[in-house]
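Here is the structure we will look at.
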Amino acid sequence: MKGSRCLHQLKSLRLLSHAGRRLPPAAAAAGDNGALFRLHSSSLLGGSQCPQREVLRHFHSSPARTKSQPARFVQEEDKTRDKSLVAHDDLFEQVAKETKTKATFNKVIDVYTKRDIRRRGHVEFIYAALKKMPEFGVEKDLTVYNKLLDVFPKEVFVPQNFIQRMFNHYPRQQECGVQLLEQMESYGIMPNTETKVLLVQIFGEKTHPMRKYQRIMYWFPKFMHANPFPIPKQLPEDPVDLARFSLTRMANDWDAKVTVYQLPCTDITDSGAEVTLPHIVGIQSPSQMEALAKHNPCRPVFVEGPFPLWMRKTCVYYYVLRADPAPPEEKIEEPYDPERCFMYPLQLDLDLDRDLGDDESFDVEDLDDGPVFAMCMTSQGDQATLNQWISGLQQSNPILGQIPTLFRLGAGPRELQGVGDTDSASGTWFSSHAHKEEADPGEDAEAVVEEEPRRSQGVKQ
Amino acid sequence: MMNMNRLIVSRTFRIGERLLGCHARHAGQEELRLQQRRSIKTHCRHLAYAKDLFLGQVNKAEVFPYPEIGNDEVEEIKQLVAPVEKFFSDDVDSAKIDREATIPLETLQGLKDLGLFGIMIPEEYGGLGLSHTIYARLNEIIALDGSIAVTLAAHQAIGLKGILIAGNEAQKKKYLPKLASGEHIAAFCLTEPGSGSDAASIQTRATLSEDGKHYLINGSKIWISNGGMADIMTVFARTEVEVDGVKKDKISAFIVERAFGGIASGKPEDKLGIRGSNTCELSFDNVPVPVENVIGEIGGGFKIAMNILNSGRFSMGSSCAGMIKKLIELTSEYAATRKQFNKSLSEFGMIQEKFAMMALNAFVMESMAYLTAGMMDRPGVPDCSLEAAMVKVFSSEGGWICVSEALQVLGGLGYTKNYPFERFVRDCRILPIFEGTNEILRMYIALTGMQYAGKILTGKIKEMKKGNIGLAIGMVGKKLRTSLGASVDLGLTGKDGVVHPSLEDSAKKLEQNVSLFGSTVESLLYRYGKTIVDEQLVLKRVADVLIHMYAMTAVLSRASRSISIGLRNHDHEVLLANTFCNDAFFKNNYWMVQLQKHSPENNDANIKKIAKQVLENRAYICSHPLERTY
């Protein structure tokens, strides 16, 4: 153990001397701010130094290390050493001027790792990088996290004896490692074996980051399929497909049938004006059709909406066809018909009820919300469009011709789009409440209570 | 249910008289004397052996001694059976019928010449006028070819049964002779695409024509056995009937001739088994049916359908027994000749077990079938629908197991078409399905008994729920006594015993089962009341216990008689009876333990949960064992 420590020190000494020798040429390019790419390409030219470095690298056997090291950056690092955290942020900002992509992010890490073999300020660098990740759109990329973890020097922080192991060895570094894992966790990124190998190399077994890793690996697989209604990572792009998917998800009925009443298309009328037809996608299950067929035609049905539905970070709006709950006097239970079943009695003629001890039902306060007969999604929630939906429904539900249909449309989705950025979990709650507050007061005032003239001719009241 | 039965009984009284008359072969003339005889007989006997078991009582007079037939009937059987057996062994090529999916005309003609199309039609209408018992005996032979058995059963067990039990004199005179001779073939048209046992979803409709002389029938019926070749059909259709001034739809039964026109039969179904029998769809398009062809009264079709279905089932016991007996002959020859490791197959224990199982099943089925047939042949109009349903459930399931075990004895050979076993397996598969699926029949068996017991026990249970201390102490005392091992004595053995002493142990086991069953039923009624209708898993066990108790009764009764009159090989019967009773006793006990509250043996809650989750997803929902999450 001691031997390796000595070796390590020796190695760092030699490295320093190397760096010293390489200083002058690097100084020439020190002032060059934005030319990271050029720096990199020039570092490729310095291939002659490779053999030396190969020898050194044997001490830190990091697999993710790039082959070439930029010679001139050591100098830059020297320059910014006292500037603390801000320096690393700057490093990212410099690159960001071009484009913020995974490639540039990786480049920054490469640049950092190559400019100083001692990796001074790597903790600060990693914190800064973590903060910048969402900006570069790499916050959900496991390879990037692994690359970032690779910035830590290897074996240096591994406790060597029981005292070190007992006390918090290199607490800042460990904390930083935990922080990195925590960020992965919050984005739902599951570490892989490479992460584990890196953590073992950097911090050793039974250290805080390693514990964190183990906890993540314990819980993540358990929660992976916790949602019984999973949403695909990549939602369908086509609005019709998205509507089909969201309606099926909401209806949660295997028998429910999705009907596309109208595909989106753009037409040019005779007068030359461009008309965009919205898509209309509806869903209805056989049991809903049955309920609608039994609906008392004297009582109106309502088309209501729009209601928001969040699918990950996308918000879609839907409309429902519903009715008020039937008054109690209209609810007649079908009387028992003893001549119903040829084979066995469907009911017993006994004056005995289930014993209390065997009654396993819960007392649930049932609130009758009224039946929902169908749902639809459209890109244009005006009455004319929804009317088209209702007349489409009428083909399979002829009774709709006799029932007065009232449109109670709230404010359109336009005002709500602002909420779009919120994260899905809290977003759904927030937006639906926001919507209610927004739409409800307006509903009474604006409710378009109007029957469709074409169908109201058939109304029998 | 009780009420209904009573209604049916009263309505079918006249029919019964007629049947009786035919049976006694003095139709009409000595009606008065007959009436007297019947009334005496019916008053002195209960009609409810199986129902009384629900109360923990053994109505031994009902099932002991085992029913016998007169010597003249034995002679009759001898005369009848020999030619039928000869015909089936010489002239029926079952493999060909199965292959070509049709019964050749010569074979059908042969069956007609033997009179097998009118076994139970009274002689005055040109039939053989035989009793249920002899019908069951003939079915043992007929069952050797599944296709013929089903064709004949569809013809006479259900197809023409409506005319026989509910038709008026004119209808009988007009139709029965030709049906008896086989000139006309009958079919029973009840099932529809949207309606199995649900009368409310029958769509076929009969509307009275303007002149009031015809009903016009419209609709379609599916899975009609003999549908393609039937000339006379019993069709059930919805009719509008006025009840108390309110117009209601009720089911009515009609006799429909193909000659009326407007009937189209579809392509015969391509089936797994019983391929020679003709099953197809029938569609009725404004078929004019004269009003005189209504069976019974208009709107009374429901009860007719129920009676026909209930009365047709008892013969399956003897059919299956006949089949198993044949299978034992076929397989035992193979088992005795085939050698492995210098030993014949019959020396291997696991092969021996299969033969013992087949013999046991055949014995039990036979006993149940002829006990039930004997009960049905008694004067009066005995309601044996419960017993008949039990015979059907037991024999169809036992038959299936036996046939597949017989095939197993032959191994790979049995699986080929060179041997008849695969055909038997295929043919046998229909038994648990038709004439009321076994699931539905179990509901019928359990609920009929529960209704009967519930009516009698309601008062007692209400007292118990009120907290009647005397009653509670009595119950606890009874339970204590039984748990301390006091034997139950229901009078099967001992001084007035009806069971032979060599079967005493088995009889005691039956008594113990019956007594425990009585208290189980009581506690089930206490716990579930009328909501027991929804507890299908409970009802299934109740039905199973009852079926096995009835089977025990049948074997005890039969074996006792065999010993007493010294039939050949009665010691073998005693052995079979004791073995079966022992087996059934432990099965029954296990099921009844499962029926107790909080029984650890009972998995019902989990079973329901599993089924619910699977059905919600309409798929097997476990992840594949090779899947991983990290």
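We label chains A, B, ... in the order they appear in the structure tokens, count residues from 1 in each chain, and number ligands from 1 in the order shown.
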### Task
Using only C-alpha atoms, select each residue of chain A with any atom at most 6 Å away from an atom of chain B, and give the selection as a list in words.
Pro221, Arg340, Cys341, Phe342, Tyr344, Leu348, Leu350, Leu352, Asp353, Arg354 and Asp355 of chain A
Residues from last step as file, N, CA and C atoms, as a PDB file, in the first residue's frame:
ATOM      1  N   PRO A 221     -34.863  -0.466 -10.361  1.00  0.00           N
ATOM      2  CA  PRO A 221     -35.563  -1.570 -11.028  1.00  0.00           C
ATOM      3  C   PRO A 221     -36.924  -1.837 -10.418  1.00  0.00           C
ATOM      4  N   ARG A 340     -86.027 -16.445 -17.028  1.00  0.00           N
ATOM      5  CA  ARG A 340     -84.903 -15.872 -17.764  1.00  0.00           C
ATOM      6  C   ARG A 340     -83.917 -16.949 -18.173  1.00  0.00           C
ATOM      7  N   CYS A 341     -83.612 -17.838 -17.244  1.00  0.00           N
ATOM      8  CA  CYS A 341     -82.560 -18.816 -17.507  1.00  0.00           C
ATOM      9  C   CYS A 341     -83.156 -20.204 -17.611  1.00  0.00           C
ATOM     10  N   PHE A 342     -82.819 -20.892 -18.691  1.00  0.00           N
ATOM     11  CA  PHE A 342     -83.357 -22.225 -18.921  1.00  0.00           C
ATOM     12  C   PHE A 342     -82.787 -23.240 -17.954  1.00  0.00           C
ATOM     13  N   TYR A 344     -80.840 -22.772 -14.665  1.00  0.00           N
ATOM     14  CA  TYR A 344     -80.802 -22.705 -13.206  1.00  0.00           C
ATOM     15  C   TYR A 344     -81.427 -21.393 -12.737  1.00  0.00           C
ATOM     16  N   LEU A 348     -82.545 -16.713  -5.700  1.00  0.00           N
ATOM     17  CA  LEU A 348     -83.211 -17.613  -4.786  1.00  0.00           C
ATOM     18  C   LEU A 348     -84.347 -16.869  -4.107  1.00  0.00           C
ATOM     19  N   LEU A 350     -85.563 -16.500  -1.125  1.00  0.00           N
ATOM     20  CA  LEU A 350     -85.297 -16.724   0.295  1.00  0.00           C
ATOM     21  C   LEU A 350     -85.355 -15.398   1.032  1.00  0.00           C
ATOM     22  N   LEU A 352     -83.396 -14.484   3.405  1.00  0.00           N
ATOM     23  CA  LEU A 352     -82.173 -14.436   4.202  1.00  0.00           C
ATOM     24  C   LEU A 352     -81.158 -13.570   3.494  1.00  0.00           C
ATOM     25  N   ASP A 353     -80.556 -12.648   4.212  1.00  0.00           N
ATOM     26  CA  ASP A 353     -79.532 -11.812   3.606  1.00  0.00           C
ATOM     27  C   ASP A 353     -78.164 -12.307   4.012  1.00  0.00           C
ATOM     28  N   ARG A 354     -77.181 -11.728   3.385  1.00  0.00           N
ATOM     29  CA  ARG A 354     -75.802 -12.083   3.718  1.00  0.00           C
ATOM     30  C   ARG A 354     -75.500 -11.685   5.158  1.00  0.00           C
ATOM     31  N   ASP A 355     -74.805 -12.565   5.850  1.00  0.00           N
ATOM     32  CA  ASP A 355     -74.460 -12.279   7.235  1.00  0.00           C
ATOM     33  C   ASP A 355     -73.459 -11.129   7.289  1.00  0.00           C
TER      34      ASP A 355
END
### Task
Write down as a PyMOL selection string the residues of stretch 73-278 of chain A whose backbone DSSP state falls under strand (DSSP E or B).
chain A and resi 257-262+265-268+274-277
#### Entry: Nearby residues (only C-alpha atoms) at most 8 Å from B:Ser515, same-chain spacing under 2 positions excluded, as a ChimeraX atom specification
/B:56-57,488,511-513,517-519
Could you write out, as an mmCIF file with C-alpha atoms, in the first residue's frame, all the residues of stretch 259-398 of chain A that DSSP marks as helix (DSSP H, G or I)?
data_model
loop_
_atom_site.group_PDB
_atom_site.id
_atom_site.type_symbol
_atom_site.label_atom_id
_atom_site.label_comp_id
_atom_site.auth_asym_id
_atom_site.auth_seq_id
_atom_site.Cartn_x
_atom_site.Cartn_y
_atom_site.Cartn_z
ATOM 1 C CA PRO A 286 -70.012 -0.662 -26.788
ATOM 2 C CA SER A 287 -71.169 -0.169 -23.210
ATOM 3 C CA GLN A 288 -71.261 3.580 -23.769
ATOM 4 C CA MET A 289 -73.303 3.030 -26.907
ATOM 5 C CA GLU A 290 -75.668 0.876 -24.911
ATOM 6 C CA ALA A 291 -75.990 3.511 -22.204
ATOM 7 C CA LEU A 292 -76.619 6.182 -24.799
ATOM 8 C CA ALA A 293 -79.287 4.077 -26.474
ATOM 9 C CA PRO A 328 -83.897 8.593 -9.063
ATOM 10 C CA GLU A 329 -87.429 8.152 -10.370
ATOM 11 C CA GLU A 330 -86.073 7.251 -13.785
ATOM 12 C CA LEU A 356 -72.667 -9.164 8.440
ATOM 13 C CA GLY A 357 -69.561 -11.187 9.144
ATOM 14 C CA ASP A 358 -69.342 -12.197 5.514
ATOM 15 C CA GLN A 383 -68.828 24.285 -32.169
ATOM 16 C CA ALA A 384 -68.861 23.586 -35.881
ATOM 17 C CA THR A 385 -66.064 21.072 -35.571
ATOM 18 C CA LEU A 386 -67.612 19.387 -32.585
ATOM 19 C CA ASN A 387 -70.888 19.254 -34.423
ATOM 20 C CA GLN A 388 -69.163 17.235 -37.063
ATOM 21 C CA TRP A 389 -68.123 14.806 -34.377
ATOM 22 C CA ILE A 390 -71.669 14.524 -33.049
ATOM 23 C CA SER A 391 -73.085 13.884 -36.487
ATOM 24 C CA GLY A 392 -70.415 11.268 -37.011
ATOM 25 C CA LEU A 393 -71.468 9.654 -33.742
ATOM 26 C CA GLN A 394 -75.058 9.771 -34.852
ATOM 27 C CA GLN A 395 -74.356 7.218 -37.543
ATOM 28 C CA SER A 396 -73.627 4.550 -34.977
ATOM 29 C CA PRO A 398 -79.165 6.884 -34.154
#
### Task
For each of B:Met368, B:Ile97, B:Val291, B:Ala136, take the minimum atom-to-atom distance to B:Asn278, counting only C-alpha atoms, then give the residue where this is smallest.
B:Ile97
### Task
Can you pull out every residue within 7 Å of stretch 236-248 of chain B, counting only C-alpha atoms, but drop anything in the same chain fewer than 4 positions away, and send it as a VMD selection string?
chain B and resid 189 to 190 202 to 207 252 to 254 299 301
### Query
In terms of the shortest atom-to-atom distance over only C-alpha atoms, which of A:Ala273, A:Ile280, A:Met217, A:Leu149 is closest to A:Ile109?
A:Leu149
### Query
Of the candidates B:Ala95, B:Ser487, B:Glu100, B:Ile298, which one gets nearest to B:Tyr419 if we count only C-alpha atoms?
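Of B:Ala95, B:Ser487, B:Glu100, B:Ile298, the one nearest B:Tyr419 is B:Ala95, counting only C-alpha atoms.
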### Task
Would you mind listing what lies within 12 Å of stretch 119-129 of chain B as a VMD selection string, with only C-alpha atoms counted and same-chain residues fewer than 5 positions away left out?
chain B and resid 18 to 28 73 76 to 77 80 111 to 114 134 to 139 142 152 to 153 155 to 158 160 to 165 169 to 183 312 377
### Message
Just want the 10 Å neighbourhood of A:Asn192, counted on only C-alpha atoms, with same-chain residues fewer than 4 positions away dropped. Output as a VMD selection string.
### Response
(chain A and resid 142 to 143 146 196 to 197 213 217) or (chain B and resid 630)
Could the residues in this selection be saved with C-alpha atoms as a PDB file, in the first residue's frame?
ATOM      1  CA  LEU A 142     -25.893   8.039 -19.240  1.00  0.00           C
ATOM      2  CA  THR A 143     -22.689   8.081 -21.286  1.00  0.00           C
ATOM      3  CA  ASN A 146     -20.047   8.316 -17.011  1.00  0.00           C
ATOM      4  CA  LYS A 196     -19.949   1.048 -10.965  1.00  0.00           C
ATOM      5  CA  VAL A 197     -16.445   0.292 -12.191  1.00  0.00           C
ATOM      6  CA  TYR A 213     -25.100   3.713  -6.387  1.00  0.00           C
ATOM      7  CA  MET A 217     -29.691   0.064  -8.166  1.00  0.00           C
TER       8      MET A 217
ATOM      9  CA  TYR B 630     -31.021  -3.090 -15.138  1.00  0.00           C
TER      10      TYR B 630
END
Residue neighbourhood B:Gly374, 9 Å, only C-alpha atoms, exclusion window fewer than 5 positions, as a PDB file with N, CA and C atoms, in the first residue's frame:
ATOM      1  N   TYR B  66     -82.110 -51.077  -4.453  1.00  0.00           N
ATOM      2  CA  TYR B  66     -81.797 -50.633  -5.815  1.00  0.00           C
ATOM      3  C   TYR B  66     -82.939 -51.044  -6.749  1.00  0.00           C
ATOM      4  N   PRO B  67     -83.400 -50.137  -7.632  1.00  0.00           N
ATOM      5  CA  PRO B  67     -84.551 -50.458  -8.484  1.00  0.00           C
ATOM      6  C   PRO B  67     -84.304 -51.685  -9.364  1.00  0.00           C
ATOM      7  N   GLU B  68     -85.352 -52.469  -9.497  1.00  0.00           N
ATOM      8  CA  GLU B  68     -85.255 -53.669 -10.315  1.00  0.00           C
ATOM      9  C   GLU B  68     -86.276 -53.586 -11.428  1.00  0.00           C
ATOM     10  N   ILE B  69     -86.048 -54.350 -12.469  1.00  0.00           N
ATOM     11  CA  ILE B  69     -87.088 -54.424 -13.494  1.00  0.00           C
ATOM     12  C   ILE B  69     -87.686 -55.821 -13.453  1.00  0.00           C
ATOM     13  N   SER B 131     -89.223 -48.232 -21.250  1.00  0.00           N
ATOM     14  CA  SER B 131     -89.036 -47.411 -20.048  1.00  0.00           C
ATOM     15  C   SER B 131     -87.680 -46.694 -20.109  1.00  0.00           C
ATOM     16  N   HIS B 132     -87.491 -45.794 -19.146  1.00  0.00           N
ATOM     17  CA  HIS B 132     -86.215 -45.092 -19.061  1.00  0.00           C
ATOM     18  C   HIS B 132     -85.066 -46.073 -18.864  1.00  0.00           C
ATOM     19  N   THR B 133     -85.343 -47.098 -18.057  1.00  0.00           N
ATOM     20  CA  THR B 133     -84.291 -48.053 -17.739  1.00  0.00           C
ATOM     21  C   THR B 133     -83.800 -48.758 -19.005  1.00  0.00           C
ATOM     22  N   ALA B 369     -76.664 -44.171 -13.087  1.00  0.00           N
ATOM     23  CA  ALA B 369     -77.589 -44.054 -14.207  1.00  0.00           C
ATOM     24  C   ALA B 369     -78.818 -44.924 -13.998  1.00  0.00           C
TER      25      ALA B 369
END
